[in-house]
>>> print(open('structure10.cif').read())   # mmCIF, C-alpha atoms
data_entry
#
loop_
_atom_site.label_atom_id
_atom_site.label_comp_id
_atom_site.auth_asym_id
_atom_site.auth_seq_id
_atom_site.Cartn_x
_atom_site.Cartn_y
_atom_site.Cartn_z
CA PHE J 8 28.80 -35.42 -50.36
CA ARG J 9 26.68 -36.56 -53.32
CA ARG J 10 23.18 -37.86 -52.58
CA VAL J 11 20.39 -38.60 -50.02
CA LEU J 12 17.88 -41.41 -50.53
CA PHE J 13 15.31 -42.96 -48.22
CA ARG J 14 13.08 -46.03 -48.12
CA SER J 15 10.79 -47.90 -45.77
CA GLY J 16 12.48 -50.35 -43.48
CA ASN J 17 10.33 -53.08 -45.06
CA ASP J 18 11.24 -52.12 -48.63
CA VAL J 19 14.22 -53.93 -50.16
CA ASP J 20 14.80 -51.97 -53.37
CA GLY J 21 12.61 -48.85 -53.37
CA TRP J 22 15.04 -46.07 -52.57
CA VAL J 23 13.55 -42.59 -53.17
CA ASP J 24 15.53 -39.41 -53.79
CA ALA J 25 15.34 -36.54 -51.34
CA THR J 26 15.76 -32.98 -52.61
CA GLY J 27 17.41 -29.79 -51.46
CA GLU J 28 20.36 -31.47 -49.82
CA THR J 29 22.53 -28.96 -48.00
CA LEU J 30 25.67 -29.89 -46.10
CA THR J 31 26.06 -27.14 -43.51
CA ASP J 32 29.19 -28.55 -41.88
CA SER J 33 30.76 -31.88 -41.05
CA THR J 34 27.94 -32.73 -38.61
CA THR J 35 24.81 -31.15 -40.15
CA LEU J 36 22.91 -32.12 -43.30
CA THR J 37 19.43 -30.89 -44.25
CA PHE J 38 17.14 -32.20 -46.98
CA THR J 39 13.50 -32.31 -48.06
CA THR J 40 11.44 -35.46 -48.53
CA PRO J 41 8.44 -35.61 -50.87
CA GLN J 42 5.00 -36.64 -49.64
CA HIS J 43 5.01 -40.32 -48.77
CA SER J 44 3.02 -43.01 -46.98
CA VAL J 45 3.08 -43.28 -43.20
CA ASP J 46 6.00 -45.44 -42.06
CA THR J 47 9.48 -45.37 -40.57
CA TYR J 48 12.26 -44.90 -43.12
CA ASN J 49 15.96 -45.66 -43.47
CA ILE J 50 18.29 -43.04 -44.93
CA ARG J 51 21.16 -43.71 -47.34
CA LEU J 52 23.87 -41.07 -47.57
CA THR J 53 26.25 -41.28 -50.51
CA PHE J 54 29.65 -39.63 -50.21
CA ALA J 55 32.62 -39.58 -52.57
CA ASP J 56 34.33 -42.24 -50.50
CA GLY J 57 31.34 -44.54 -49.83
CA THR J 58 27.79 -44.99 -48.53
CA THR J 59 26.26 -44.84 -45.04
CA ILE J 60 22.81 -46.17 -44.10
CA ILE J 61 20.95 -44.83 -41.08
CA THR J 62 18.33 -47.33 -39.88
CA ASP J 63 14.99 -45.88 -38.73
CA GLY J 64 16.19 -42.40 -39.60
CA PHE J 65 12.79 -40.69 -39.56
CA THR J 66 9.04 -41.34 -39.58
CA PHE J 67 6.26 -40.00 -41.79
CA ARG J 68 3.22 -39.28 -39.64
CA VAL J 69 -0.39 -38.47 -40.48
CA ALA J 70 -2.05 -35.21 -39.50
CA PRO J 71 -4.24 -35.28 -36.37
CA THR J 72 -8.01 -35.31 -36.68
CA VAL J 73 -10.53 -33.74 -34.28
CA THR J 74 -13.89 -35.52 -34.10
CA SER J 75 -15.71 -34.00 -31.12
CA VAL J 76 -15.55 -31.68 -28.13
CA THR J 77 -17.38 -32.50 -24.89
CA GLY J 78 -19.02 -30.77 -23.18
CA PRO J 79 -20.40 -29.01 -26.20
CA THR J 80 -21.10 -25.88 -24.13
CA VAL J 81 -18.67 -23.88 -21.97
CA PRO J 82 -19.52 -21.02 -19.58
CA GLY J 83 -18.35 -17.62 -20.76
CA ALA J 84 -16.03 -17.56 -17.75
CA GLY J 85 -14.28 -20.66 -19.11
CA GLY J 86 -14.27 -24.35 -18.25
CA ASP J 87 -12.94 -27.81 -19.05
CA VAL J 88 -13.66 -29.78 -22.22
CA THR J 89 -12.42 -33.05 -23.68
CA ILE J 90 -11.22 -33.02 -27.29
CA ALA J 91 -11.55 -36.41 -28.99
CA GLY J 92 -9.79 -37.38 -32.19
CA ALA J 93 -6.86 -39.39 -33.50
CA ASP J 94 -3.10 -39.16 -33.97
CA PHE J 95 -2.42 -36.59 -31.27
CA LEU J 96 1.34 -36.63 -30.60
CA ASN J 97 3.03 -36.15 -27.26
CA VAL J 98 6.72 -35.92 -26.34
CA ASP J 99 8.77 -38.24 -28.55
CA GLY J 100 12.18 -39.11 -27.13
CA ALA J 101 13.71 -39.26 -30.60
CA ILE J 102 12.87 -35.60 -31.30
CA ALA J 103 14.60 -33.11 -29.02
CA ALA J 104 12.19 -30.26 -29.80
CA SER J 105 9.01 -32.31 -29.47
CA ALA J 106 6.08 -31.33 -27.28
CA ALA J 107 2.43 -32.03 -26.52
CA PRO J 108 -0.14 -30.75 -29.07
CA GLN J 109 -1.04 -27.10 -29.19
CA VAL J 110 -4.73 -26.20 -29.07
CA TYR J 111 -6.21 -23.12 -30.74
CA ILE J 112 -9.77 -21.70 -30.72
CA ARG J 113 -11.51 -19.07 -32.83
CA THR J 114 -15.00 -17.68 -33.31
CA ALA J 115 -16.74 -19.74 -35.98
CA VAL J 116 -18.22 -18.36 -39.18
CA ASP J 117 -21.66 -16.87 -38.54
CA GLY J 118 -23.60 -16.22 -41.73
CA SER J 119 -21.77 -13.45 -43.55
CA THR J 120 -19.46 -12.82 -40.57
CA PRO J 121 -16.06 -14.45 -41.20
CA ALA J 122 -14.29 -16.62 -38.67
CA GLY J 123 -12.13 -14.90 -36.05
CA SER J 124 -8.39 -15.22 -35.57
CA TRP J 125 -6.92 -18.34 -33.99
CA VAL J 126 -6.05 -17.93 -30.30
CA LEU J 127 -3.50 -20.26 -28.69
CA ILE J 128 -4.54 -21.93 -25.43
CA ASP J 129 -1.88 -21.80 -22.70
CA ALA J 130 0.16 -25.03 -22.73
CA ALA J 131 -0.44 -25.44 -18.99
CA ASP J 132 -4.17 -25.77 -19.73
CA VAL J 133 -3.72 -28.69 -22.16
CA ILE J 134 -3.46 -32.21 -20.70
CA PHE J 135 -2.44 -35.02 -23.04
CA GLY J 136 -4.66 -38.03 -22.39
CA GLY J 137 -3.37 -40.23 -25.21
CA SER J 138 -3.34 -40.19 -28.98
CA SER J 139 -7.13 -39.75 -29.08
CA SER J 140 -7.88 -37.45 -26.14
CA LEU J 141 -6.94 -34.01 -24.80
CA THR J 142 -8.39 -32.30 -21.72
CA VAL J 143 -8.37 -28.53 -22.14
CA THR J 144 -9.31 -25.70 -19.80
CA MET J 145 -10.89 -23.12 -22.08
CA PRO J 146 -10.35 -19.45 -21.14
CA GLU J 147 -12.93 -16.75 -20.59
CA HIS J 148 -14.42 -15.69 -23.92
CA ALA J 149 -17.31 -13.84 -25.49
CA LEU J 150 -20.42 -15.94 -26.09
CA GLY J 151 -20.73 -17.75 -29.39
CA VAL J 152 -19.90 -20.81 -31.47
CA MET J 153 -16.21 -21.77 -31.65
CA ASP J 154 -13.86 -23.76 -33.88
CA VAL J 155 -10.99 -25.87 -32.50
CA LYS J 156 -7.61 -26.67 -34.03
CA VAL J 157 -5.03 -29.16 -32.73
CA VAL J 158 -1.43 -28.80 -33.95
CA ASN J 159 1.14 -31.56 -33.41
CA TRP J 160 4.81 -30.80 -32.81
CA ASP J 161 5.54 -31.80 -36.43
CA GLY J 162 3.39 -28.88 -37.64
CA GLN J 163 0.49 -30.95 -38.94
CA SER J 164 -2.95 -29.96 -37.72
CA GLY J 165 -6.59 -30.96 -37.61
CA GLU J 166 -9.68 -28.78 -37.14
CA LEU J 167 -13.30 -29.16 -36.08
CA SER J 168 -15.86 -26.53 -37.10
CA PRO J 169 -18.10 -25.89 -35.30
CA ALA J 170 -16.70 -27.50 -32.15
CA PHE J 171 -18.40 -26.07 -29.06
CA THR J 172 -20.36 -23.05 -27.85
CA TYR J 173 -19.66 -20.48 -25.16
CA VAL J 174 -22.88 -19.88 -23.19
CA PRO J 175 -23.75 -17.84 -20.08
CA GLY J 176 -22.62 -19.38 -16.80
CA VAL J 177 -24.65 -19.88 -13.63
CA PRO J 178 -26.43 -16.84 -12.12
CA ASP J 179 -24.06 -14.69 -10.09
CA HIS J 180 -25.60 -11.25 -9.59
CA LEU J 181 -28.55 -9.07 -10.56
CA GLY J 182 -28.89 -5.69 -12.25
CA VAL J 183 -31.89 -3.40 -11.82
CA THR J 184 -33.26 -0.77 -14.21
CA TRP J 185 -36.44 1.26 -14.00
CA GLY J 186 -38.92 2.02 -16.71
CA ALA J 187 -37.32 2.52 -20.13
CA GLY J 188 -33.77 1.80 -18.96
CA ASN J 189 -33.56 4.60 -16.36
CA ASN J 190 -31.16 3.37 -13.66
CA ALA J 191 -32.30 5.89 -11.04
CA ASN J 192 -34.47 4.58 -8.22
CA PRO J 193 -37.90 6.26 -8.00
CA SER J 194 -37.70 9.24 -5.63
CA SER J 195 -41.32 9.04 -4.57
CA ALA J 196 -44.46 6.92 -4.81
CA VAL J 197 -48.18 7.49 -4.28
CA ASN J 198 -49.61 5.42 -1.47
CA ASN J 199 -51.20 2.19 -2.76
CA GLU J 200 -50.69 3.14 -6.42
CA ALA J 201 -48.41 1.20 -8.77
CA PHE J 202 -45.00 2.79 -9.33
CA THR J 203 -44.96 4.95 -12.45
CA ASN J 204 -41.73 3.23 -13.50
CA GLN J 205 -41.70 -0.49 -12.71
CA PRO J 206 -38.38 -2.32 -12.10
CA LYS J 207 -36.74 -4.71 -14.54
CA VAL J 208 -34.21 -7.16 -13.12
CA THR J 209 -31.53 -8.82 -15.27
CA VAL J 210 -29.63 -11.96 -14.24
CA TYR J 211 -25.87 -12.00 -14.95
CA ASP J 212 -23.14 -14.61 -14.66
CA SER J 213 -19.77 -13.93 -13.01
CA VAL J 214 -18.32 -12.17 -16.08
CA GLY J 215 -21.38 -10.07 -16.93
CA ASN J 216 -23.14 -12.22 -19.53
CA VAL J 217 -26.93 -12.17 -19.40
CA VAL J 218 -28.24 -15.52 -18.16
CA THR J 219 -31.33 -16.21 -20.24
CA ASP J 220 -34.26 -18.43 -19.32
CA THR J 221 -32.63 -21.17 -21.42
CA GLN J 222 -29.96 -21.51 -18.72
CA TYR J 223 -32.04 -20.45 -15.69
CA ASN J 224 -35.77 -20.37 -15.06
CA GLY J 225 -35.98 -19.72 -11.32
CA ASP J 226 -37.73 -16.77 -9.69
CA VAL J 227 -36.73 -13.22 -8.82
CA THR J 228 -38.78 -11.92 -5.89
CA ALA J 229 -39.14 -8.35 -4.63
CA THR J 230 -39.39 -7.52 -0.91
CA ILE J 231 -39.59 -4.23 0.99
CA SER J 232 -37.82 -3.08 4.11
CA SER J 233 -37.44 0.26 5.81
CA ALA J 234 -34.15 2.11 5.64
CA VAL J 235 -32.36 2.84 8.91
CA GLY J 236 -34.15 5.51 10.94
CA THR J 237 -37.11 5.99 8.60
CA GLY J 238 -40.35 4.31 7.65
CA THR J 239 -42.41 1.92 9.73
CA GLY J 240 -43.15 -1.78 9.77
CA ALA J 241 -46.76 -0.97 8.90
CA THR J 242 -45.90 -0.38 5.23
CA THR J 243 -46.28 -3.31 2.83
CA LEU J 244 -45.28 -4.07 -0.74
CA GLU J 245 -48.36 -4.61 -2.88
CA GLY J 246 -48.75 -6.18 -6.32
CA THR J 247 -47.17 -9.26 -7.84
CA ALA J 248 -43.80 -9.66 -6.09
CA THR J 249 -42.45 -12.34 -8.46
CA GLY J 250 -41.20 -11.12 -11.81
CA THR J 251 -42.04 -12.55 -15.23
CA ILE J 252 -38.96 -13.72 -17.11
CA SER J 253 -38.15 -13.10 -20.79
CA ASN J 254 -34.62 -13.45 -22.25
CA GLY J 255 -32.98 -13.20 -18.85
CA GLN J 256 -34.92 -10.14 -17.71
CA TYR J 257 -37.61 -10.20 -15.04
CA SER J 258 -40.39 -7.63 -15.38
CA PHE J 259 -42.69 -6.32 -12.67
CA SER J 260 -45.93 -4.58 -13.61
CA ASN J 261 -47.86 -3.47 -10.54
CA LEU J 262 -45.58 -3.06 -7.52
CA ALA J 263 -46.79 -0.44 -5.05
CA LEU J 264 -46.25 0.69 -1.46
CA LYS J 265 -49.13 0.77 1.00
CA GLY J 266 -48.75 2.29 4.46
CA LYS J 267 -47.02 5.13 6.22
CA ILE J 268 -44.76 7.83 4.80
CA GLY J 269 -41.09 6.95 4.95
CA THR J 270 -37.98 5.86 3.07
CA TYR J 271 -37.89 2.24 2.03
CA LYS J 272 -35.55 -0.22 0.38
CA LEU J 273 -36.69 -2.58 -2.35
CA THR J 274 -34.68 -5.85 -2.45
CA PHE J 275 -34.62 -8.41 -5.28
CA THR J 276 -33.72 -12.00 -4.50
CA LEU J 277 -32.82 -14.77 -6.92
CA GLY J 278 -34.61 -18.04 -6.16
CA GLY J 279 -33.71 -21.62 -7.06
CA SER J 280 -33.35 -22.92 -10.61
#
>>> encode(input="structure10.cif", output="structure tokens")
Amino acid sequence: FRRVLFRSGNDVDGWVDATGETLTDSTTLTFTTPQHSVDTYNIRLTFADGTTIITDGFTFRVAPTVTSVTGPTVPGAGGDVTIAGADFLNVDGAIAASAAPQVYIRTAVDGSTPAGSWVLIDAADVIFGGSSSLTVTMPEHALGVMDVKVVNWDGQSGELSPAFTYVPGVPDHLGVTWGAGNNANPSSAVNNEAFTNQPKVTVYDSVGNVVTDTQYNGDVTATISSAVGTGTGATTLEGTATGTISNGQYSFSNLALKGKIGTYKLTFTLGGS
């Protein structure tokens, strides 16, 4: 074996030398091509006893580009997005080891905080929609702005930064604290006087992210009921029963019990958005 050259199928004379030719055995030859324009190329192999030309031996391809991600927000619990771009490659019958693009995400740079490490999305969650579109089910993740990278089976990649944002999901459950963060329910109350420690109610999504008033601006309402075997129906809840929202937390300022002695249960209900 002596030499490897290649040229475009449309080029009559412009043979270009490859480098690093290594003949492993009688059936395997490896070599390196320099950077070249996108096209399909013929290969000319020169041996001591003659020359062989392989038509359409390989193709130079461009790296993929990522132009947008929709929707631009994803619930912290995860959700579907569409990645738009160009030159996404799917299974190519001429390449035995080919595959659909891989998709990676990482936390984007935030001021002086560097970007996070790339995390590979499960292949089962990536649907190839053509050379310009991928549908991806993003996993659960901490809230924040994210970058996206698409890697073709030939190793070339394209990135978009920033690409989308993880935000709180829909309201799922409530958390109650009392006063300055004390989680204990008040053990007693003075008839018709506002509780010394007033409740604060926080709205959470299904994975525990605080749902702020940017995502939800419905009401949280307090109601009173007697516990089993104690209290009477004559007792009422006084004060403003609908909380005031700020950054996902509803505050109550003047709730009080008015009526007979007993043990009572305070219930908080999430209203419509």
>>> residues_around(input="structure10.cif", residues="J:Thr89", least_positions_apart="3", cutoff="8 Å", atoms="all atoms listed in the file", output="JSON, numbers by chain")
{"J": [76, 77, 78, 140, 141, 142, 143]}
>>> write_last_selection(input="structure10.cif", atoms="C-alpha atoms", output="mmCIF file, in the coordinates of the input")
data_model
loop_
_atom_site.group_PDB
_atom_site.id
_atom_site.type_symbol
_atom_site.label_atom_id
_atom_site.label_comp_id
_atom_site.auth_asym_id
_atom_site.auth_seq_id
_atom_site.Cartn_x
_atom_site.Cartn_y
_atom_site.Cartn_z
ATOM 1 C CA VAL J 76 -15.550 -31.680 -28.130
ATOM 2 C CA THR J 77 -17.380 -32.500 -24.890
ATOM 3 C CA GLY J 78 -19.020 -30.770 -23.180
ATOM 4 C CA SER J 140 -7.880 -37.450 -26.140
ATOM 5 C CA LEU J 141 -6.940 -34.010 -24.800
ATOM 6 C CA THR J 142 -8.390 -32.300 -21.720
ATOM 7 C CA VAL J 143 -8.370 -28.530 -22.140
#
>>> resolve_selection(input="structure10.cif", expression="the PyMOL selection byres ((chain J and resi 117-119) around 12)", output="PyMOL selection string")
chain J and resi 113-116+120-123+151-154+168-169
>>> residues_around(input="structure10.cif", residues="J:Ala70", least_positions_apart="3", cutoff="7 Å", atoms="all atoms listed in the file", output="list in words")
Asp94, Gln163, Ser164 and Gly165 of chain J
>>> write_last_selection(input="structure10.cif", atoms="C-alpha atoms", output="PDB file, in the frame of the given file")
ATOM      1  CA  ASP J  94      -3.100 -39.160 -33.970  1.00  0.00           C
ATOM      2  CA  GLN J 163       0.490 -30.950 -38.940  1.00  0.00           C
ATOM      3  CA  SER J 164      -2.950 -29.960 -37.720  1.00  0.00           C
ATOM      4  CA  GLY J 165      -6.590 -30.960 -37.610  1.00  0.00           C
TER       5      GLY J 165
END
>>> closest_residue(input="structure10.cif", among="J:Asp212, J:Glu200, J:Asp129, J:Asp56", to="J:Gly266", atoms="all atoms listed in the file")
J:Glu200
>>> residues_around(input="structure10.cif", residues="J:Phe54", least_positions_apart="3", cutoff="9 Å", atoms="all atoms listed in the file", output="VMD selection string")
chain J and resid 8 to 10 57 to 59
>>> closest_residue(input="structure10.cif", among="J:Phe67, J:Tyr173, J:Phe202, J:Trp125", to="J:Asn216", atoms="only C-alpha atoms")
J:Tyr173
>>> residues_around(input="structure10.cif", residues="stretch 221-227 of chain J", least_positions_apart="5", cutoff="9 Å", atoms="all atoms listed in the file", output="PyMOL selection string")
chain J and resi 174-178+208+210+248-252+254-255+257+275-280
>>> resolve_selection(input="structure10.cif", expression="the PyMOL selection byres ((chain J and resi 64) around 9)", output="list in words")
Phe13, Thr47, Tyr48, Asn49, Ile50, Ile60, Ile61, Thr62, Asp63, Phe65 and Thr66 of chain J
>>> residues_near_point(input="structure10.cif", point="(2.5, -31.3, -30.4)", cutoff="8 Å", atoms="all atoms listed in the file", output="PyMOL selection string")
chain J and resi 95-98+105-109+158-162
>>> residues_around(input="structure10.cif", residues="J:Thr274", least_positions_apart="6", cutoff="12 Å", atoms="only C-alpha atoms", output="PyMOL selection string")
chain J and resi 181-183+192+206+208+227-234+244+248-249
>>> resolve_selection(input="structure10.cif", expression="the PyMOL selection byres ((chain J and resi 85) around 7)", output="VMD selection string")
chain J and resid 81 to 84 86 145 to 148
>>> write_last_selection(input="structure10.cif", atoms="C-alpha atoms", output="mmCIF file, in the frame of the given file")
data_model
loop_
_atom_site.group_PDB
_atom_site.id
_atom_site.type_symbol
_atom_site.label_atom_id
_atom_site.label_comp_id
_atom_site.auth_asym_id
_atom_site.auth_seq_id
_atom_site.Cartn_x
_atom_site.Cartn_y
_atom_site.Cartn_z
ATOM 1 C CA VAL J 81 -18.670 -23.880 -21.970
ATOM 2 C CA PRO J 82 -19.520 -21.020 -19.580
ATOM 3 C CA GLY J 83 -18.350 -17.620 -20.760
ATOM 4 C CA ALA J 84 -16.030 -17.560 -17.750
ATOM 5 C CA GLY J 86 -14.270 -24.350 -18.250
ATOM 6 C CA MET J 145 -10.890 -23.120 -22.080
ATOM 7 C CA PRO J 146 -10.350 -19.450 -21.140
ATOM 8 C CA GLU J 147 -12.930 -16.750 -20.590
ATOM 9 C CA HIS J 148 -14.420 -15.690 -23.920
#
>>> atom_distance(input="structure10.cif", atom1="atom CA of J:Glu28", atom2="atom CA of J:Leu52")
10.5 Å
>>> atom_distance(input="structure10.cif", atom1="atom CA of J:Leu167", atom2="atom CA of J:Leu127")
15.2 Å
>>> atom_distance(input="structure10.cif", atom1="atom CA of J:Val73", atom2="atom CA of J:Asp132")
17.8 Å
>>> closest_residue(input="structure10.cif", among="J:Val217, J:Val157, J:Val133, J:Leu30", to="J:His180", atoms="only C-alpha atoms")
J:Val217
>>> build_atoms(input="structure10.cif", residues="stretch 206-229 of chain J", atoms="N, CA and C atoms", output="compact mmCIF listing (two decimals), keeping the file's coordinate frame")
# COMPACT_ATOMS: atom_id res chain seq x y z
N PRO J 206 -39.75 -1.80 -11.97
CA PRO J 206 -38.38 -2.32 -12.10
C PRO J 206 -38.29 -3.47 -13.09
N LYS J 207 -37.11 -3.56 -13.72
CA LYS J 207 -36.74 -4.71 -14.54
C LYS J 207 -35.43 -5.24 -14.00
N VAL J 208 -35.37 -6.54 -13.75
CA VAL J 208 -34.21 -7.16 -13.12
C VAL J 208 -33.57 -8.13 -14.10
N THR J 209 -32.27 -7.96 -14.35
CA THR J 209 -31.53 -8.82 -15.27
C THR J 209 -30.58 -9.71 -14.49
N VAL J 210 -30.50 -10.98 -14.89
CA VAL J 210 -29.63 -11.96 -14.24
C VAL J 210 -28.32 -12.05 -15.02
N TYR J 211 -27.19 -11.94 -14.32
CA TYR J 211 -25.87 -12.00 -14.95
C TYR J 211 -25.04 -13.14 -14.36
N ASP J 212 -24.11 -13.66 -15.20
CA ASP J 212 -23.14 -14.61 -14.66
C ASP J 212 -21.95 -13.84 -14.10
N SER J 213 -20.89 -14.56 -13.72
CA SER J 213 -19.77 -13.93 -13.01
C SER J 213 -18.98 -12.97 -13.86
N VAL J 214 -19.08 -13.08 -15.21
CA VAL J 214 -18.32 -12.17 -16.08
C VAL J 214 -19.23 -11.20 -16.82
N GLY J 215 -20.50 -11.09 -16.39
CA GLY J 215 -21.38 -10.07 -16.93
C GLY J 215 -22.22 -10.48 -18.13
N ASN J 216 -22.25 -11.77 -18.46
CA ASN J 216 -23.14 -12.22 -19.53
C ASN J 216 -24.56 -12.37 -19.00
N VAL J 217 -25.54 -12.00 -19.80
CA VAL J 217 -26.93 -12.17 -19.40
C VAL J 217 -27.29 -13.65 -19.40
N VAL J 218 -27.81 -14.12 -18.28
CA VAL J 218 -28.24 -15.52 -18.16
C VAL J 218 -29.69 -15.58 -18.58
N THR J 219 -29.96 -16.17 -19.73
CA THR J 219 -31.33 -16.21 -20.24
C THR J 219 -32.11 -17.35 -19.60
N ASP J 220 -33.42 -17.39 -19.90
CA ASP J 220 -34.26 -18.43 -19.32
C ASP J 220 -33.94 -19.80 -19.91
N THR J 221 -33.08 -19.87 -20.93
CA THR J 221 -32.63 -21.17 -21.42
C THR J 221 -31.71 -21.82 -20.39
N GLN J 222 -30.89 -20.99 -19.72
CA GLN J 222 -29.96 -21.51 -18.72
C GLN J 222 -30.53 -21.49 -17.30
N TYR J 223 -31.50 -20.60 -17.04
CA TYR J 223 -32.04 -20.45 -15.69
C TYR J 223 -33.50 -20.04 -15.78
N ASN J 224 -34.35 -20.72 -15.03
CA ASN J 224 -35.77 -20.37 -15.06
C ASN J 224 -36.36 -20.29 -13.66
N GLY J 225 -35.51 -19.92 -12.68
CA GLY J 225 -35.98 -19.72 -11.32
C GLY J 225 -36.70 -18.38 -11.19
N ASP J 226 -36.96 -17.98 -9.96
CA ASP J 226 -37.73 -16.77 -9.69
C ASP J 226 -36.82 -15.63 -9.22
N VAL J 227 -37.27 -14.41 -9.47
CA VAL J 227 -36.73 -13.22 -8.82
C VAL J 227 -37.89 -12.59 -8.05
N THR J 228 -37.70 -12.40 -6.75
CA THR J 228 -38.78 -11.92 -5.89
C THR J 228 -38.40 -10.58 -5.27
N ALA J 229 -39.34 -9.67 -5.23
CA ALA J 229 -39.14 -8.35 -4.63
C ALA J 229 -39.68 -8.35 -3.20
